[in-house]
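*Asks:* Structure provided below as structure tokens; questions to follow.
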Amino acid sequence: MQDLDERQAFGLDLALRAGALALGMRRTLAPIEAKSAIDFCTEADRAVEQLVRAEIAQRFGDAVIGEEYGGEAADRVWVVDPIDGTAGYIHGSGRWCVSLAYLQDGEIEIGILYAPADDRLFVARRGRGATLNGRPIRVSGLAHGAAPLVEVGWSERRPLAAYCTLLQRLTEAGIEFRRHGSGALGLAEVACGLNDGYAELHINAWDALAGLLLVREAGGWTNDFLADDGLRQGNLLLAATPALGDRLAAMTEDLHRTTERPAALAG
């Protein structure tokens with residue numbers, strides 16, 4: 001327990017410093033590398049991940065898996081997205097964050113997200129709840145009484161047709177949808193009740209793990225993201241207030257592996 005306490009305190013400080021570095025570098029943004037038409041890397045992404053890796057190596061010697069420099073799984077491993085929401089970061093939006101997750105023996109023990117632009121610090125510890133800037137957070141429970149609101153992420157790793165089919169199914173079910181470009185913050189906003197759910201047909205572990213723990217510790221439901229080697233290969237991601245979980249699972253069960261246009265969901 002003391003071991004996890006130490007890593008949590010370390011992770012909080014590191015996330016704040018990493019966020020400050022990224023925020024400072026945004027003012028003199030260097031040339032951008034396009035990994036694909038919708039996926040980008042900046043000099044800041046690399047600098048933040050280098051900082052995180054160096055600090056973890058010096059303090060603990062733990063393994064690291066990061067978006068920019070990869071890595072291998074281990075009994076003690078940090079999973080890092082230096083800037084989740086890079087497209088927003090590039091365009092001057094505040095909708096991006098640093099994401100740190102710590103896994104021990106295959107369990108997500110600590111999840112930390114820091115969004116520097118609006119100074120939001122989300123923290124989750126397995127079995128100890130989730131907080132935003134030190135205050136406990138909970139999923140919505142659909143207590144608002146309005147139509148459910150789901151954020152839907154998309155990447156080129158799954159066909160556009162499957163994404164469009166999911167949007168059609170949500171619309172037909174009377175569920176509102178949005179896309180804001182940061183899976184990590186989408187999950188954090190499920191955890192604090194600003195969204196009722198998050199769905200993405202494929203996402204990488206560094207985008208998802210910290211936010212998954214936030215949702216679980218805030219009383220929400222998630223799919224088993226780490227199944228089928230999700231840590232290394234990525235996976236379908238579903239997270240929601242509990243009353244919505246089964247509905248999202250039914251809408252996506254035939255979509256996340258498909259490479260062809262799927263049929264509309266019957267019923």
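Identifiers for the structure tokens are assigned positionally: chains receive A, B, ... in sequence, residues are indexed from 1 per chain, and ligands are indexed from 1 in the order shown.
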What parts of region 75-251 of chain A does DSSP call alpha helix (DSSP H)? I'd like the answer as number ranges by chain.
*Replies:* A: 86-90, 160-172, 183-191, 205-217, 230-233, 242-251
*Asks:* Please identify which residues in region 23-262 of chain A DSSP calls strand (DSSP E or B) from the backbone, and express them as JSON, numbers by chain.
*Replies:* {"A": [33, 34, 35, 36, 39, 40, 41, 63, 64, 65, 66, 70, 76, 77, 78, 79, 80, 81, 82, 83, 84, 97, 98, 99, 100, 101, 102, 103, 104, 107, 108, 109, 110, 111, 112, 113, 114, 115, 120, 121, 122, 123, 124, 125, 129, 130, 131, 132, 135, 136, 149, 150, 151, 152, 153, 176, 177, 178, 197, 198, 199, 200, 201, 202, 203, 221, 222, 235, 236, 237, 238, 239, 240]}
*Asks:* Quick one: residues within 7 Å of Glu151 (chain A), only C-alpha atoms counted, chain neighbours fewer than 2 positions away excluded, as a PyMOL selection string?
*Replies:* chain A and resi 149+153+177-179+186+195+197-199
*Asks:* What lies within 9 Å of Gly106 (chain A) using only C-alpha atoms, ignoring chain neighbours under 4 positions off, as a list of chain:residue names?
*Replies:* A:Ala74, A:Asp75, A:Arg76, A:Val77, A:Leu226
*Asks:* Check which residues of region 57-80 of chain A sit at most 7 Å from region 206-209 of chain A using only C-alpha atoms, and return one row each with the closest pair of atoms and their distance in Å to one decimal, ordered by chain and rising number, as JSON lines.
*Replies:*
{"residue": "A:Gly66", "atom": "CA", "partner": "A:Trp206", "partner_atom": "CA", "distance": 6.5}
{"residue": "A:Glu67", "atom": "CA", "partner": "A:Trp206", "partner_atom": "CA", "distance": 6.4}
{"residue": "A:Val79", "atom": "CA", "partner": "A:Trp206", "partner_atom": "CA", "distance": 5.4}
{"residue": "A:Val80", "atom": "CA", "partner": "A:Trp206", "partner_atom": "CA", "distance": 5.2}
*Asks:* Write the selection just made, keeping all heavy atoms, as a JSON list (two decimals), in the first residue's frame?
*Replies:*
[["chain", "number", "residue", "atom", "x", "y", "z"],
["A", 66, "GLY", "N", 4.47, 4.09, -23.94],
["A", 66, "GLY", "CA", 4.01, 5.42, -24.30],
["A", 66, "GLY", "C", 3.62, 5.51, -25.76],
["A", 66, "GLY", "O", 4.06, 4.70, -26.59],
["A", 67, "GLU", "N", 2.84, 6.51, -26.08],
["A", 67, "GLU", "CA", 2.37, 6.66, -27.46],
["A", 67, "GLU", "C", 3.51, 6.90, -28.44],
["A", 67, "GLU", "O", 3.52, 6.37, -29.54],
["A", 67, "GLU", "CB", 1.36, 7.81, -27.57],
["A", 67, "GLU", "CG", 0.89, 8.01, -29.00],
["A", 67, "GLU", "CD", -0.23, 9.00, -29.15],
["A", 67, "GLU", "OE1", -0.53, 9.71, -28.17],
["A", 67, "GLU", "OE2", -0.81, 9.05, -30.24],
["A", 79, "VAL", "N", 1.60, 3.55, -18.25],
["A", 79, "VAL", "CA", 1.11, 3.70, -19.62],
["A", 79, "VAL", "C", 0.78, 5.18, -19.81],
["A", 79, "VAL", "O", -0.05, 5.74, -19.08],
["A", 79, "VAL", "CB", -0.12, 2.81, -19.87],
["A", 79, "VAL", "CG1", -0.57, 2.93, -21.31],
["A", 79, "VAL", "CG2", 0.23, 1.34, -19.55],
["A", 80, "VAL", "N", 1.42, 5.79, -20.81],
["A", 80, "VAL", "CA", 1.51, 7.25, -20.87],
["A", 80, "VAL", "C", 1.06, 7.78, -22.23],
["A", 80, "VAL", "O", 1.52, 7.31, -23.27],
["A", 80, "VAL", "CB", 2.97, 7.69, -20.65],
["A", 80, "VAL", "CG1", 3.11, 9.20, -20.74],
["A", 80, "VAL", "CG2", 3.49, 7.17, -19.32]]
*Asks:* Go ahead and compute the interatomic distance for CA of Leu201 (chain A) and CA of Val64 (chain A), in Å to one decimal.
*Replies:*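 Rounded to one decimal, the two atoms are 24.7 Å apart.
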*Asks:* Looking at only C-alpha atoms, which of A:Glu6, A:Glu107, A:Glu55, A:Glu200 is the one that sits closest to Glu253 (chain A)?
*Replies:*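 Of all the options, A:Glu200 lies closest to Glu253 (chain A).
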*Asks:* Find, counting only C-alpha atoms, the residue in A:Pro159, A:Pro136, A:Pro148, A:Gly183 that gets nearest to Gly219 (chain A).
*Replies:*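 Of A:Pro159, A:Pro136, A:Pro148, A:Gly183, the one nearest Gly219 (chain A), counting only C-alpha atoms, is A:Pro136.
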*Asks:* Please provide as a list in words all residues within 10 Å of Arg232 (chain A), with the sequence filter that same-chain residues fewer than 6 positions apart are discarded (counting only C-alpha atoms).
*Replies:*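 Result of the neighbour search: Ile65, Gly70, Gly71, Glu72, Ala73, Asn204, Ala205, Trp206 and Leu226 of chain A.
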*Asks:* Please identify all polymer residues within 6 Å of region 240-252 of chain A, counting only C-alpha atoms, omitting same-chain residues fewer than 2 positions from it, and present them as a JSON list (two decimals) with N, CA and C atoms, in the first residue's frame.
*Replies:*
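Contents of the output file part-v7.json:
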[["chain", "number", "residue", "atom", "x", "y", "z"],
["A", 139, "VAL", "N", -20.52, 9.26, -11.64],
["A", 139, "VAL", "CA", -21.20, 9.23, -12.93],
["A", 139, "VAL", "C", -22.63, 9.77, -12.77],
["A", 141, "GLY", "N", -25.71, 8.70, -13.47],
["A", 141, "GLY", "CA", -26.89, 7.94, -13.07],
["A", 141, "GLY", "C", -28.14, 8.31, -13.87],
["A", 196, "ASP", "N", -22.82, 10.85, -20.35],
["A", 196, "ASP", "CA", -23.38, 9.62, -19.78],
["A", 196, "ASP", "C", -22.63, 8.38, -20.27],
["A", 197, "GLY", "N", -21.87, 8.51, -21.36],
["A", 197, "GLY", "CA", -21.14, 7.36, -21.86],
["A", 197, "GLY", "C", -20.07, 7.77, -22.85],
["A", 220, "GLY", "N", -19.06, 3.96, -12.37],
["A", 220, "GLY", "CA", -19.51, 3.63, -13.71],
["A", 220, "GLY", "C", -19.20, 2.20, -14.13],
["A", 221, "TRP", "N", -19.65, 1.88, -15.33],
["A", 221, "TRP", "CA", -19.45, 0.58, -15.95],
["A", 221, "TRP", "C", -18.49, 0.72, -17.11],
["A", 254, "ASP", "N", -21.17, -6.05, -32.91],
["A", 254, "ASP", "CA", -20.85, -6.52, -34.26],
["A", 254, "ASP", "C", -20.02, -5.51, -35.05],
["A", 255, "LEU", "N", -19.58, -4.43, -34.41],
["A", 255, "LEU", "CA", -18.92, -3.35, -35.14],
["A", 255, "LEU", "C", -17.42, -3.28, -34.95]]
*Asks:* Write out as a PyMOL selection string the residues lying within 6 Å of Leu121 (chain A), counting only C-alpha atoms and excluding same-chain residues fewer than 5 positions away.
*Replies:* chain A and resi 113-114+132-133
